[in-house]
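Listing of my_file38.cif, mmCIF, N, CA and C atoms
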data_input
loop_
_atom_site.label_atom_id
_atom_site.label_comp_id
_atom_site.auth_asym_id
_atom_site.auth_seq_id
_atom_site.Cartn_x
_atom_site.Cartn_y
_atom_site.Cartn_z
N MET J 1 85.73 107.38 119.62
CA MET J 1 85.54 108.11 118.38
C MET J 1 85.79 107.15 117.22
N PRO J 2 84.89 107.13 116.25
CA PRO J 2 85.07 106.26 115.08
C PRO J 2 86.33 106.63 114.29
N LYS J 3 87.00 105.59 113.81
CA LYS J 3 88.20 105.79 112.99
C LYS J 3 87.87 105.48 111.55
N LEU J 4 88.36 106.34 110.65
CA LEU J 4 88.07 106.25 109.22
C LEU J 4 89.36 106.00 108.46
N PHE J 5 89.34 105.00 107.59
CA PHE J 5 90.49 104.64 106.76
C PHE J 5 90.20 104.98 105.31
N PHE J 6 91.16 105.63 104.65
CA PHE J 6 91.06 105.92 103.22
C PHE J 6 91.77 104.82 102.44
N SER J 7 91.04 104.08 101.61
CA SER J 7 91.62 103.13 100.67
C SER J 7 91.59 103.80 99.31
N TYR J 8 92.76 104.02 98.72
CA TYR J 8 92.84 104.81 97.49
C TYR J 8 94.11 104.47 96.73
N SER J 9 94.12 104.80 95.47
CA SER J 9 95.33 104.70 94.65
C SER J 9 96.10 106.00 94.80
N HIS J 10 97.42 105.91 94.83
CA HIS J 10 98.23 107.13 94.94
C HIS J 10 98.00 108.07 93.76
N ALA J 11 97.51 107.57 92.65
CA ALA J 11 97.18 108.45 91.52
C ALA J 11 96.04 109.40 91.88
N ASP J 12 95.29 109.06 92.93
CA ASP J 12 94.14 109.88 93.36
C ASP J 12 94.41 110.62 94.67
N GLU J 13 95.67 110.83 94.96
CA GLU J 13 96.05 111.46 96.23
C GLU J 13 95.46 112.86 96.39
N ALA J 14 95.37 113.61 95.32
CA ALA J 14 94.80 114.96 95.41
C ALA J 14 93.33 114.90 95.84
N PHE J 15 92.59 113.93 95.33
CA PHE J 15 91.19 113.75 95.76
C PHE J 15 91.14 113.40 97.24
N ARG J 16 92.03 112.51 97.68
CA ARG J 16 92.06 112.12 99.09
C ARG J 16 92.36 113.32 99.98
N ASP J 17 93.33 114.12 99.56
CA ASP J 17 93.67 115.33 100.34
C ASP J 17 92.47 116.26 100.48
N GLN J 18 91.76 116.46 99.38
CA GLN J 18 90.58 117.35 99.42
C GLN J 18 89.49 116.79 100.33
N LEU J 19 89.24 115.50 100.23
CA LEU J 19 88.22 114.88 101.07
C LEU J 19 88.62 114.96 102.54
N ASP J 20 89.88 114.73 102.83
CA ASP J 20 90.36 114.82 104.21
C ASP J 20 90.16 116.25 104.75
N LYS J 21 90.40 117.24 103.91
CA LYS J 21 90.16 118.64 104.32
C LYS J 21 88.68 118.87 104.60
N GLN J 22 87.82 118.30 103.76
CA GLN J 22 86.38 118.49 103.96
C GLN J 22 85.90 117.88 105.28
N LEU J 23 86.64 116.92 105.79
CA LEU J 23 86.27 116.26 107.05
C LEU J 23 86.88 116.94 108.28
N THR J 24 87.59 118.04 108.07
CA THR J 24 88.30 118.71 109.15
C THR J 24 87.40 119.08 110.32
N MET J 25 86.21 119.61 110.06
CA MET J 25 85.35 120.02 111.18
C MET J 25 84.92 118.82 112.01
N LEU J 26 84.64 117.70 111.37
CA LEU J 26 84.29 116.49 112.13
C LEU J 26 85.47 116.02 112.97
N LYS J 27 86.68 116.16 112.44
CA LYS J 27 87.87 115.79 113.21
C LYS J 27 88.06 116.74 114.38
N ARG J 28 87.90 118.03 114.16
CA ARG J 28 88.07 119.02 115.24
C ARG J 28 87.04 118.85 116.35
N GLN J 29 85.85 118.41 115.96
CA GLN J 29 84.78 118.21 116.94
C GLN J 29 84.91 116.86 117.65
N GLY J 30 85.88 116.06 117.25
CA GLY J 30 86.08 114.76 117.87
C GLY J 30 85.07 113.72 117.43
N VAL J 31 84.45 113.94 116.27
CA VAL J 31 83.46 113.00 115.76
C VAL J 31 84.13 111.81 115.07
N ILE J 32 85.21 112.07 114.34
CA ILE J 32 85.96 111.01 113.65
C ILE J 32 87.45 111.29 113.73
N GLU J 33 88.20 110.25 113.43
CA GLU J 33 89.65 110.34 113.28
C GLU J 33 89.96 109.69 111.95
N THR J 34 90.81 110.29 111.12
CA THR J 34 91.11 109.73 109.80
C THR J 34 92.55 109.23 109.73
N TRP J 35 92.75 108.26 108.83
CA TRP J 35 94.10 107.72 108.62
C TRP J 35 94.23 107.25 107.18
N HIS J 36 95.44 107.43 106.64
CA HIS J 36 95.79 106.92 105.31
C HIS J 36 97.27 106.57 105.33
N ASP J 37 97.71 105.89 104.29
CA ASP J 37 99.07 105.34 104.29
C ASP J 37 100.18 106.39 104.29
N ARG J 38 99.89 107.62 103.97
CA ARG J 38 100.91 108.67 104.02
C ARG J 38 101.24 109.06 105.46
N ARG J 39 100.53 108.48 106.41
CA ARG J 39 100.81 108.73 107.83
C ARG J 39 101.70 107.65 108.44
N ILE J 40 102.16 106.74 107.61
CA ILE J 40 103.09 105.72 108.10
C ILE J 40 104.43 106.40 108.37
N ASN J 41 104.99 106.13 109.53
CA ASN J 41 106.25 106.75 109.92
C ASN J 41 107.44 106.00 109.33
N ALA J 42 108.53 106.72 109.13
CA ALA J 42 109.76 106.11 108.65
C ALA J 42 110.15 104.99 109.60
N GLY J 43 110.49 103.86 109.02
CA GLY J 43 110.89 102.71 109.82
C GLY J 43 109.75 101.76 110.15
N ASP J 44 108.49 102.21 110.00
CA ASP J 44 107.34 101.33 110.24
C ASP J 44 107.16 100.39 109.05
N GLU J 45 106.60 99.23 109.31
CA GLU J 45 106.32 98.29 108.24
C GLU J 45 105.05 98.72 107.52
N ILE J 46 105.14 98.85 106.21
CA ILE J 46 104.03 99.37 105.41
C ILE J 46 102.82 98.46 105.48
N ASP J 47 103.00 97.19 105.12
CA ASP J 47 101.86 96.27 105.05
C ASP J 47 101.16 96.10 106.39
N SER J 48 101.93 95.93 107.45
CA SER J 48 101.29 95.72 108.76
C SER J 48 100.60 96.99 109.25
N SER J 49 101.14 98.15 108.93
CA SER J 49 100.49 99.41 109.32
C SER J 49 99.14 99.56 108.63
N ILE J 50 99.12 99.30 107.33
CA ILE J 50 97.88 99.41 106.58
C ILE J 50 96.89 98.34 107.05
N SER J 51 97.35 97.12 107.18
CA SER J 51 96.47 96.03 107.61
C SER J 51 95.83 96.31 108.96
N ALA J 52 96.59 96.90 109.86
CA ALA J 52 96.04 97.21 111.19
C ALA J 52 94.83 98.13 111.07
N HIS J 53 94.88 99.08 110.14
CA HIS J 53 93.75 100.00 109.97
C HIS J 53 92.60 99.35 109.20
N VAL J 54 92.92 98.59 108.16
CA VAL J 54 91.85 97.90 107.41
C VAL J 54 91.13 96.92 108.32
N ASP J 55 91.88 96.30 109.24
CA ASP J 55 91.31 95.30 110.14
C ASP J 55 90.59 95.88 111.34
N ASN J 56 90.82 97.14 111.67
CA ASN J 56 90.29 97.68 112.91
C ASN J 56 89.49 98.97 112.82
N ASP J 57 89.67 99.75 111.78
CA ASP J 57 88.96 101.02 111.70
C ASP J 57 87.47 100.77 111.48
N ASP J 58 86.66 101.74 111.89
CA ASP J 58 85.20 101.60 111.87
C ASP J 58 84.58 101.88 110.50
N ILE J 59 85.18 102.83 109.78
CA ILE J 59 84.65 103.25 108.48
C ILE J 59 85.79 103.15 107.47
N ILE J 60 85.50 102.54 106.34
CA ILE J 60 86.50 102.42 105.27
C ILE J 60 85.93 103.08 104.03
N LEU J 61 86.58 104.15 103.60
CA LEU J 61 86.18 104.83 102.37
C LEU J 61 86.99 104.25 101.23
N LEU J 62 86.30 103.72 100.24
CA LEU J 62 86.94 103.25 99.02
C LEU J 62 86.89 104.39 98.02
N LEU J 63 88.02 104.99 97.70
CA LEU J 63 88.06 106.10 96.75
C LEU J 63 88.25 105.48 95.36
N VAL J 64 87.15 105.32 94.65
CA VAL J 64 87.08 104.48 93.46
C VAL J 64 87.39 105.26 92.19
N SER J 65 88.30 104.70 91.41
CA SER J 65 88.71 105.26 90.12
C SER J 65 89.26 104.11 89.29
N PRO J 66 89.56 104.36 88.02
CA PRO J 66 90.19 103.30 87.23
C PRO J 66 91.50 102.82 87.88
N ASP J 67 92.26 103.74 88.46
CA ASP J 67 93.52 103.36 89.10
C ASP J 67 93.28 102.51 90.34
N PHE J 68 92.25 102.81 91.11
CA PHE J 68 91.90 101.99 92.28
C PHE J 68 91.56 100.57 91.83
N LEU J 69 90.71 100.46 90.81
CA LEU J 69 90.30 99.14 90.32
C LEU J 69 91.47 98.36 89.72
N ALA J 70 92.44 99.05 89.15
CA ALA J 70 93.59 98.40 88.53
C ALA J 70 94.66 98.02 89.55
N SER J 71 94.60 98.58 90.73
CA SER J 71 95.61 98.31 91.75
C SER J 71 95.33 96.99 92.47
N SER J 72 96.24 96.06 92.35
CA SER J 72 96.09 94.79 93.06
C SER J 72 96.07 95.02 94.56
N TYR J 73 96.87 95.94 95.04
CA TYR J 73 96.92 96.20 96.49
C TYR J 73 95.58 96.75 96.98
N CYS J 74 95.07 97.76 96.30
CA CYS J 74 93.79 98.36 96.71
C CYS J 74 92.66 97.35 96.58
N TYR J 75 92.57 96.70 95.44
CA TYR J 75 91.43 95.84 95.15
C TYR J 75 91.51 94.51 95.90
N ASP J 76 92.62 93.80 95.75
CA ASP J 76 92.72 92.44 96.30
C ASP J 76 92.99 92.40 97.80
N ARG J 77 93.64 93.41 98.32
CA ARG J 77 93.98 93.38 99.74
C ARG J 77 93.04 94.27 100.55
N GLU J 78 93.07 95.58 100.27
CA GLU J 78 92.29 96.50 101.09
C GLU J 78 90.79 96.32 100.89
N MET J 79 90.34 96.38 99.65
CA MET J 79 88.90 96.30 99.40
C MET J 79 88.35 94.94 99.79
N ALA J 80 89.06 93.87 99.45
CA ALA J 80 88.56 92.53 99.78
C ALA J 80 88.39 92.37 101.28
N ARG J 81 89.38 92.79 102.06
CA ARG J 81 89.28 92.69 103.51
C ARG J 81 88.20 93.62 104.05
N ALA J 82 88.09 94.81 103.50
CA ALA J 82 87.05 95.76 103.92
C ALA J 82 85.66 95.16 103.72
N MET J 83 85.44 94.51 102.58
CA MET J 83 84.14 93.93 102.30
C MET J 83 83.85 92.74 103.23
N GLU J 84 84.87 91.97 103.58
CA GLU J 84 84.67 90.89 104.57
C GLU J 84 84.17 91.48 105.88
N ARG J 85 84.81 92.54 106.32
CA ARG J 85 84.42 93.17 107.58
C ARG J 85 83.03 93.80 107.47
N HIS J 86 82.72 94.39 106.31
CA HIS J 86 81.42 95.00 106.09
C HIS J 86 80.31 93.94 106.17
N GLU J 87 80.54 92.82 105.55
CA GLU J 87 79.52 91.75 105.54
C GLU J 87 79.30 91.17 106.93
N LYS J 88 80.33 91.20 107.77
CA LYS J 88 80.20 90.74 109.16
C LYS J 88 79.67 91.85 110.07
N LYS J 89 79.46 93.03 109.49
CA LYS J 89 79.00 94.22 110.22
C LYS J 89 80.03 94.69 111.26
N ASP J 90 81.31 94.43 110.95
CA ASP J 90 82.40 94.90 111.80
C ASP J 90 82.89 96.28 111.38
N ALA J 91 82.51 96.70 110.18
CA ALA J 91 82.92 98.01 109.65
C ALA J 91 81.89 98.45 108.63
N THR J 92 81.89 99.74 108.36
CA THR J 92 81.03 100.30 107.31
C THR J 92 81.93 100.68 106.14
N VAL J 93 81.61 100.16 104.97
CA VAL J 93 82.36 100.49 103.76
C VAL J 93 81.52 101.44 102.93
N ILE J 94 82.14 102.54 102.52
CA ILE J 94 81.45 103.54 101.71
C ILE J 94 82.26 103.78 100.44
N PRO J 95 81.73 103.39 99.27
CA PRO J 95 82.42 103.72 98.02
C PRO J 95 82.20 105.19 97.67
N VAL J 96 83.29 105.87 97.38
CA VAL J 96 83.25 107.26 96.93
C VAL J 96 83.79 107.25 95.51
N ILE J 97 82.95 107.55 94.55
CA ILE J 97 83.33 107.46 93.14
C ILE J 97 84.04 108.74 92.74
N LEU J 98 85.32 108.61 92.43
CA LEU J 98 86.13 109.79 92.08
C LEU J 98 86.09 110.10 90.59
N ARG J 99 86.29 109.07 89.78
CA ARG J 99 86.37 109.25 88.34
C ARG J 99 85.57 108.13 87.66
N HIS J 100 85.14 108.39 86.42
CA HIS J 100 84.36 107.39 85.67
C HIS J 100 85.12 106.07 85.58
N CYS J 101 84.43 105.00 85.89
CA CYS J 101 84.97 103.65 85.76
C CYS J 101 83.82 102.66 85.92
N GLU J 102 84.09 101.43 85.59
CA GLU J 102 83.08 100.37 85.68
C GLU J 102 83.17 99.73 87.07
N TRP J 103 82.54 100.34 88.04
CA TRP J 103 82.63 99.89 89.43
C TRP J 103 81.41 99.08 89.88
N GLN J 104 80.32 99.16 89.14
CA GLN J 104 79.06 98.56 89.58
C GLN J 104 79.13 97.04 89.73
N HIS J 105 80.04 96.37 89.03
CA HIS J 105 80.13 94.91 89.10
C HIS J 105 81.21 94.44 90.07
N ALA J 106 81.83 95.37 90.76
CA ALA J 106 82.81 95.02 91.80
C ALA J 106 82.04 94.54 93.04
N PRO J 107 82.71 93.88 93.96
CA PRO J 107 82.02 93.41 95.17
C PRO J 107 81.31 94.53 95.95
N PHE J 108 81.82 95.74 95.88
CA PHE J 108 81.19 96.86 96.58
C PHE J 108 80.10 97.52 95.73
N GLY J 109 79.87 97.01 94.52
CA GLY J 109 78.86 97.58 93.63
C GLY J 109 77.45 97.50 94.19
N LYS J 110 77.22 96.62 95.14
CA LYS J 110 75.90 96.48 95.76
C LYS J 110 75.64 97.54 96.83
N LEU J 111 76.68 98.28 97.19
CA LEU J 111 76.55 99.30 98.22
C LEU J 111 76.14 100.64 97.60
N LEU J 112 75.41 101.42 98.36
CA LEU J 112 75.07 102.76 97.90
C LEU J 112 76.33 103.61 97.92
N ALA J 113 76.70 104.11 96.76
CA ALA J 113 77.91 104.91 96.63
C ALA J 113 77.57 106.38 96.75
N THR J 114 78.59 107.15 96.97
CA THR J 114 78.47 108.60 96.98
C THR J 114 79.46 109.15 95.96
N PRO J 115 79.22 110.29 95.36
CA PRO J 115 78.08 111.18 95.42
C PRO J 115 76.78 110.51 94.94
N THR J 116 75.72 111.28 95.00
CA THR J 116 74.40 110.80 94.65
C THR J 116 74.42 110.03 93.34
N ASP J 117 73.77 108.88 93.36
CA ASP J 117 73.65 108.01 92.19
C ASP J 117 75.00 107.52 91.67
N GLY J 118 76.05 107.58 92.48
CA GLY J 118 77.35 107.10 92.07
C GLY J 118 77.98 107.91 90.95
N ARG J 119 77.55 109.16 90.81
CA ARG J 119 78.17 110.03 89.81
C ARG J 119 79.57 110.42 90.27
N PRO J 120 80.56 110.32 89.42
CA PRO J 120 81.92 110.66 89.83
C PRO J 120 82.07 112.11 90.30
N ILE J 121 82.91 112.29 91.27
CA ILE J 121 83.18 113.62 91.81
C ILE J 121 83.71 114.55 90.71
N ASN J 122 84.50 114.03 89.80
CA ASN J 122 85.13 114.89 88.80
C ASN J 122 84.20 115.26 87.66
N SER J 123 82.92 114.85 87.70
CA SER J 123 82.01 115.23 86.59
C SER J 123 80.97 116.23 87.06
#

Represent the structure contained in this file as structure tokens.
Amino acid sequence: MPKLFFSYSHADEAFRDQLDKQLTMLKRQGVIETWHDRRINAGDEIDSSISAHVDNDDIILLLVSPDFLASSYCYDREMARAMERHEKKDATVIPVILRHCEWQHAPFGKLLATPTDGRPINS
């Protein structure tokens, strides 16, 4: 079953929660499995837990917002590694535009974003 990783800023946690709920039927049917950093257990190492998913999951959703673009962790670590894997065809990266921001010139700007035409979910 394909594994899906959410790369997002904690400022956008409500959007992530809603999207995860929308994927519930696919999870129940065994089509996908989702993971995000709020599933890290007490005592686990944060960076290695996240890296394991960025390095191994099949689908990486970039939940794009001004906060995502401003986050060094999201942009420089998660997104950069996700795009490396995408270019090697080891993973599929899907930008999901949450809020208005200048995302088109980012490394993932060449990818077809969702919703349609890259219109932010909140508009």

Enumerate, as a list in words, the residues matched when the PyMOL selection byres ((chain J and resi 4-16) around 6.5) is run on the file above.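 Answer for the PyMOL selection byres ((chain J and resi 4-16) around 6.5): Pro2, Lys3, Asp17, Gln18, Leu19, Asp20, Lys21, Ile32, Glu33, Thr34, Trp35, His36, Asp37, His53, Asp57, Asp58, Ile59, Ile60, Leu61, Leu62, Leu63, Val64, Asp67, Phe68 and Cys74 of chain J.
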
Keeping only N, CA and C atoms, take the residues you just selected and write them out as a short mmCIF file (atom, residue, chain, number, x, y, z; two decimals), in the frame of the given file.
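Once everything was written out, this is part.cif:
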data_model
loop_
_atom_site.label_atom_id
_atom_site.label_comp_id
_atom_site.auth_asym_id
_atom_site.auth_seq_id
_atom_site.Cartn_x
_atom_site.Cartn_y
_atom_site.Cartn_z
N PRO J 2 84.89 107.13 116.25
CA PRO J 2 85.07 106.26 115.08
C PRO J 2 86.33 106.63 114.29
N LYS J 3 87.00 105.59 113.81
CA LYS J 3 88.20 105.79 112.99
C LYS J 3 87.87 105.48 111.55
N ASP J 17 93.33 114.12 99.56
CA ASP J 17 93.67 115.33 100.34
C ASP J 17 92.47 116.26 100.48
N GLN J 18 91.76 116.46 99.38
CA GLN J 18 90.58 117.35 99.42
C GLN J 18 89.49 116.79 100.33
N LEU J 19 89.24 115.50 100.23
CA LEU J 19 88.22 114.88 101.07
C LEU J 19 88.62 114.96 102.54
N ASP J 20 89.88 114.73 102.83
CA ASP J 20 90.36 114.82 104.21
C ASP J 20 90.16 116.25 104.75
N LYS J 21 90.40 117.24 103.91
CA LYS J 21 90.16 118.64 104.32
C LYS J 21 88.68 118.87 104.60
N ILE J 32 85.21 112.07 114.34
CA ILE J 32 85.96 111.01 113.65
C ILE J 32 87.45 111.29 113.73
N GLU J 33 88.20 110.25 113.43
CA GLU J 33 89.65 110.34 113.28
C GLU J 33 89.96 109.69 111.95
N THR J 34 90.81 110.29 111.12
CA THR J 34 91.11 109.73 109.80
C THR J 34 92.55 109.23 109.73
N TRP J 35 92.75 108.26 108.83
CA TRP J 35 94.10 107.72 108.62
C TRP J 35 94.23 107.25 107.18
N HIS J 36 95.44 107.43 106.64
CA HIS J 36 95.79 106.92 105.31
C HIS J 36 97.27 106.57 105.33
N ASP J 37 97.71 105.89 104.29
CA ASP J 37 99.07 105.34 104.29
C ASP J 37 100.18 106.39 104.29
N HIS J 53 94.88 99.08 110.14
CA HIS J 53 93.75 100.00 109.97
C HIS J 53 92.60 99.35 109.20
N ASP J 57 89.67 99.75 111.78
CA ASP J 57 88.96 101.02 111.70
C ASP J 57 87.47 100.77 111.48
N ASP J 58 86.66 101.74 111.89
CA ASP J 58 85.20 101.60 111.87
C ASP J 58 84.58 101.88 110.50
N ILE J 59 85.18 102.83 109.78
CA ILE J 59 84.65 103.25 108.48
C ILE J 59 85.79 103.15 107.47
N ILE J 60 85.50 102.54 106.34
CA ILE J 60 86.50 102.42 105.27
C ILE J 60 85.93 103.08 104.03
N LEU J 61 86.58 104.15 103.60
CA LEU J 61 86.18 104.83 102.37
C LEU J 61 86.99 104.25 101.23
N LEU J 62 86.30 103.72 100.24
CA LEU J 62 86.94 103.25 99.02
C LEU J 62 86.89 104.39 98.02
N LEU J 63 88.02 104.99 97.70
CA LEU J 63 88.06 106.10 96.75
C LEU J 63 88.25 105.48 95.36
N VAL J 64 87.15 105.32 94.65
CA VAL J 64 87.08 104.48 93.46
C VAL J 64 87.39 105.26 92.19
N ASP J 67 92.26 103.74 88.46
CA ASP J 67 93.52 103.36 89.10
C ASP J 67 93.28 102.51 90.34
N PHE J 68 92.25 102.81 91.11
CA PHE J 68 91.90 101.99 92.28
C PHE J 68 91.56 100.57 91.83
N CYS J 74 95.07 97.76 96.30
CA CYS J 74 93.79 98.36 96.71
C CYS J 74 92.66 97.35 96.58
#

Find the distance between atom N of Glu102 in chain J and atom N of Ala52 in chain J and write it in Å to one decimal.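 Interatomic distance, atom N of Glu102 in chain J to atom N of Ala52 in chain J: 27.7 Å.
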
Contacts of Gly118 in chain J at 8 Å or less, counting all atoms listed in the file, minus same-chain residues fewer than 5 places along, as a PyMOL selection string? chain J and resi 95-98+112-113

Write out as a ChimeraX atom specification the set of residues from range 12-114 of chain J that DSSP, computed on the backbone, places in helix (DSSP H, G or I). /J:12-22,24-28,37-39,46-56,66-70,72-87,107-110

Residues at most 8 Å from Pro66 in chain J, counting only C-alpha atoms, excluding those fewer than 4 positions away in the same chain, as a PDB file with N, CA and C atoms, keeping the file's coordinate frame?
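Resulting contents of part.pdb:
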ATOM      1  N   ALA J  70      92.440  99.050  89.150  1.00  0.00           N
ATOM      2  CA  ALA J  70      93.590  98.400  88.530  1.00  0.00           C
ATOM      3  C   ALA J  70      94.660  98.020  89.550  1.00  0.00           C
ATOM      4  N   ARG J  99      86.290 109.070  89.780  1.00  0.00           N
ATOM      5  CA  ARG J  99      86.370 109.250  88.340  1.00  0.00           C
ATOM      6  C   ARG J  99      85.570 108.130  87.660  1.00  0.00           C
ATOM      7  N   HIS J 100      85.140 108.390  86.420  1.00  0.00           N
ATOM      8  CA  HIS J 100      84.360 107.390  85.670  1.00  0.00           C
ATOM      9  C   HIS J 100      85.120 106.070  85.580  1.00  0.00           C
ATOM     10  N   CYS J 101      84.430 105.000  85.890  1.00  0.00           N
ATOM     11  CA  CYS J 101      84.970 103.650  85.760  1.00  0.00           C
ATOM     12  C   CYS J 101      83.820 102.660  85.920  1.00  0.00           C
ATOM     13  N   GLU J 102      84.090 101.430  85.590  1.00  0.00           N
ATOM     14  CA  GLU J 102      83.080 100.370  85.680  1.00  0.00           C
ATOM     15  C   GLU J 102      83.170  99.730  87.070  1.00  0.00           C
TER      16      GLU J 102
END

On this structure, the PyMOL selection byres ((chain J and resi 85-91) around 8) would catch which residues? List them as number ranges by chain, sorted by chain and number. J: 54-60, 79-84, 92-94

For the residues in that selection, give me N, CA and C atoms as a tab-separated table (two decimals), keeping the file's coordinate frame.
chain	number	residue	atom	x	y	z
J	54	VAL	N	92.92	98.59	108.16
J	54	VAL	CA	91.85	97.90	107.41
J	54	VAL	C	91.13	96.92	108.32
J	55	ASP	N	91.88	96.30	109.24
J	55	ASP	CA	91.31	95.30	110.14
J	55	ASP	C	90.59	95.88	111.34
J	56	ASN	N	90.82	97.14	111.67
J	56	ASN	CA	90.29	97.68	112.91
J	56	ASN	C	89.49	98.97	112.82
J	57	ASP	N	89.67	99.75	111.78
J	57	ASP	CA	88.96	101.02	111.70
J	57	ASP	C	87.47	100.77	111.48
J	58	ASP	N	86.66	101.74	111.89
J	58	ASP	CA	85.20	101.60	111.87
J	58	ASP	C	84.58	101.88	110.50
J	59	ILE	N	85.18	102.83	109.78
J	59	ILE	CA	84.65	103.25	108.48
J	59	ILE	C	85.79	103.15	107.47
J	60	ILE	N	85.50	102.54	106.34
J	60	ILE	CA	86.50	102.42	105.27
J	60	ILE	C	85.93	103.08	104.03
J	79	MET	N	90.34	96.38	99.65
J	79	MET	CA	88.90	96.30	99.40
J	79	MET	C	88.35	94.94	99.79
J	80	ALA	N	89.06	93.87	99.45
J	80	ALA	CA	88.56	92.53	99.78
J	80	ALA	C	88.39	92.37	101.28
J	81	ARG	N	89.38	92.79	102.06
J	81	ARG	CA	89.28	92.69	103.51
J	81	ARG	C	88.20	93.62	104.05
J	82	ALA	N	88.09	94.81	103.50
J	82	ALA	CA	87.05	95.76	103.92
J	82	ALA	C	85.66	95.16	103.72
J	83	MET	N	85.44	94.51	102.58
J	83	MET	CA	84.14	93.93	102.30
J	83	MET	C	83.85	92.74	103.23
J	84	GLU	N	84.87	91.97	103.58
J	84	GLU	CA	84.67	90.89	104.57
J	84	GLU	C	84.17	91.48	105.88
J	92	THR	N	81.89	99.74	108.36
J	92	THR	CA	81.03	100.30	107.31
J	92	THR	C	81.93	100.68	106.14
J	93	VAL	N	81.61	100.16	104.97
J	93	VAL	CA	82.36	100.49	103.76
J	93	VAL	C	81.52	101.44	102.93
J	94	ILE	N	82.14	102.54	102.52
J	94	ILE	CA	81.45	103.54	101.71
J	94	ILE	C	82.26	103.78	100.44

Pick out each residue of chain J that DSSP on the backbone tags as strand (DSSP E); I need them as a PDB file with N, CA and C atoms, keeping the file's coordinate frame.
ATOM      1  N   LYS J   3      87.000 105.590 113.810  1.00  0.00           N
ATOM      2  CA  LYS J   3      88.200 105.790 112.990  1.00  0.00           C
ATOM      3  C   LYS J   3      87.870 105.480 111.550  1.00  0.00           C
ATOM      4  N   LEU J   4      88.360 106.340 110.650  1.00  0.00           N
ATOM      5  CA  LEU J   4      88.070 106.250 109.220  1.00  0.00           C
ATOM      6  C   LEU J   4      89.360 106.000 108.460  1.00  0.00           C
ATOM      7  N   PHE J   5      89.340 105.000 107.590  1.00  0.00           N
ATOM      8  CA  PHE J   5      90.490 104.640 106.760  1.00  0.00           C
ATOM      9  C   PHE J   5      90.200 104.980 105.310  1.00  0.00           C
ATOM     10  N   PHE J   6      91.160 105.630 104.650  1.00  0.00           N
ATOM     11  CA  PHE J   6      91.060 105.920 103.220  1.00  0.00           C
ATOM     12  C   PHE J   6      91.770 104.820 102.440  1.00  0.00           C
ATOM     13  N   SER J   7      91.040 104.080 101.610  1.00  0.00           N
ATOM     14  CA  SER J   7      91.620 103.130 100.670  1.00  0.00           C
ATOM     15  C   SER J   7      91.590 103.800  99.310  1.00  0.00           C
ATOM     16  N   GLU J  33      88.200 110.250 113.430  1.00  0.00           N
ATOM     17  CA  GLU J  33      89.650 110.340 113.280  1.00  0.00           C
ATOM     18  C   GLU J  33      89.960 109.690 111.950  1.00  0.00           C
ATOM     19  N   THR J  34      90.810 110.290 111.120  1.00  0.00           N
ATOM     20  CA  THR J  34      91.110 109.730 109.800  1.00  0.00           C
ATOM     21  C   THR J  34      92.550 109.230 109.730  1.00  0.00           C
ATOM     22  N   TRP J  35      92.750 108.260 108.830  1.00  0.00           N
ATOM     23  CA  TRP J  35      94.100 107.720 108.620  1.00  0.00           C
ATOM     24  C   TRP J  35      94.230 107.250 107.180  1.00  0.00           C
ATOM     25  N   ILE J  59      85.180 102.830 109.780  1.00  0.00           N
ATOM     26  CA  ILE J  59      84.650 103.250 108.480  1.00  0.00           C
ATOM     27  C   ILE J  59      85.790 103.150 107.470  1.00  0.00           C
ATOM     28  N   ILE J  60      85.500 102.540 106.340  1.00  0.00           N
ATOM     29  CA  ILE J  60      86.500 102.420 105.270  1.00  0.00           C
ATOM     30  C   ILE J  60      85.930 103.080 104.030  1.00  0.00           C
ATOM     31  N   LEU J  61      86.580 104.150 103.600  1.00  0.00           N
ATOM     32  CA  LEU J  61      86.180 104.830 102.370  1.00  0.00           C
ATOM     33  C   LEU J  61      86.990 104.250 101.230  1.00  0.00           C
ATOM     34  N   LEU J  62      86.300 103.720 100.240  1.00  0.00           N
ATOM     35  CA  LEU J  62      86.940 103.250  99.020  1.00  0.00           C
ATOM     36  C   LEU J  62      86.890 104.390  98.020  1.00  0.00           C
ATOM     37  N   LEU J  63      88.020 104.990  97.700  1.00  0.00           N
ATOM     38  CA  LEU J  63      88.060 106.100  96.750  1.00  0.00           C
ATOM     39  C   LEU J  63      88.250 105.480  95.360  1.00  0.00           C
ATOM     40  N   VAL J  64      87.150 105.320  94.650  1.00  0.00           N
ATOM     41  CA  VAL J  64      87.080 104.480  93.460  1.00  0.00           C
ATOM     42  C   VAL J  64      87.390 105.260  92.190  1.00  0.00           C
ATOM     43  N   THR J  92      81.890  99.740 108.360  1.00  0.00           N
ATOM     44  CA  THR J  92      81.030 100.300 107.310  1.00  0.00           C
ATOM     45  C   THR J  92      81.930 100.680 106.140  1.00  0.00           C
ATOM     46  N   VAL J  93      81.610 100.160 104.970  1.00  0.00           N
ATOM     47  CA  VAL J  93      82.360 100.490 103.760  1.00  0.00           C
ATOM     48  C   VAL J  93      81.520 101.440 102.930  1.00  0.00           C
ATOM     49  N   ILE J  94      82.140 102.540 102.520  1.00  0.00           N
ATOM     50  CA  ILE J  94      81.450 103.540 101.710  1.00  0.00           C
ATOM     51  C   ILE J  94      82.260 103.780 100.440  1.00  0.00           C
ATOM     52  N   PRO J  95      81.730 103.390  99.270  1.00  0.00           N
ATOM     53  CA  PRO J  95      82.420 103.720  98.020  1.00  0.00           C
ATOM     54  C   PRO J  95      82.200 105.190  97.670  1.00  0.00           C
ATOM     55  N   VAL J  96      83.290 105.870  97.380  1.00  0.00           N
ATOM     56  CA  VAL J  96      83.250 107.260  96.930  1.00  0.00           C
ATOM     57  C   VAL J  96      83.790 107.250  95.510  1.00  0.00           C
ATOM     58  N   ILE J  97      82.950 107.550  94.550  1.00  0.00           N
ATOM     59  CA  ILE J  97      83.330 107.460  93.140  1.00  0.00           C
ATOM     60  C   ILE J  97      84.040 108.740  92.740  1.00  0.00           C
TER      61      ILE J  97
END

Which value, in Å to one decimal, gives the distance between CA of Lys110 in chain J and CA of Gln22 in chain J?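 Rounded to one decimal, the two atoms are 25.7 Å apart.
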
Please measure the separation of atom C of Met1 in chain J and atom N of Val31 in chain J, giving the value in Å to one decimal.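 For atom C of Met1 in chain J relative to atom N of Val31 in chain J, the distance reads 7.0 Å.
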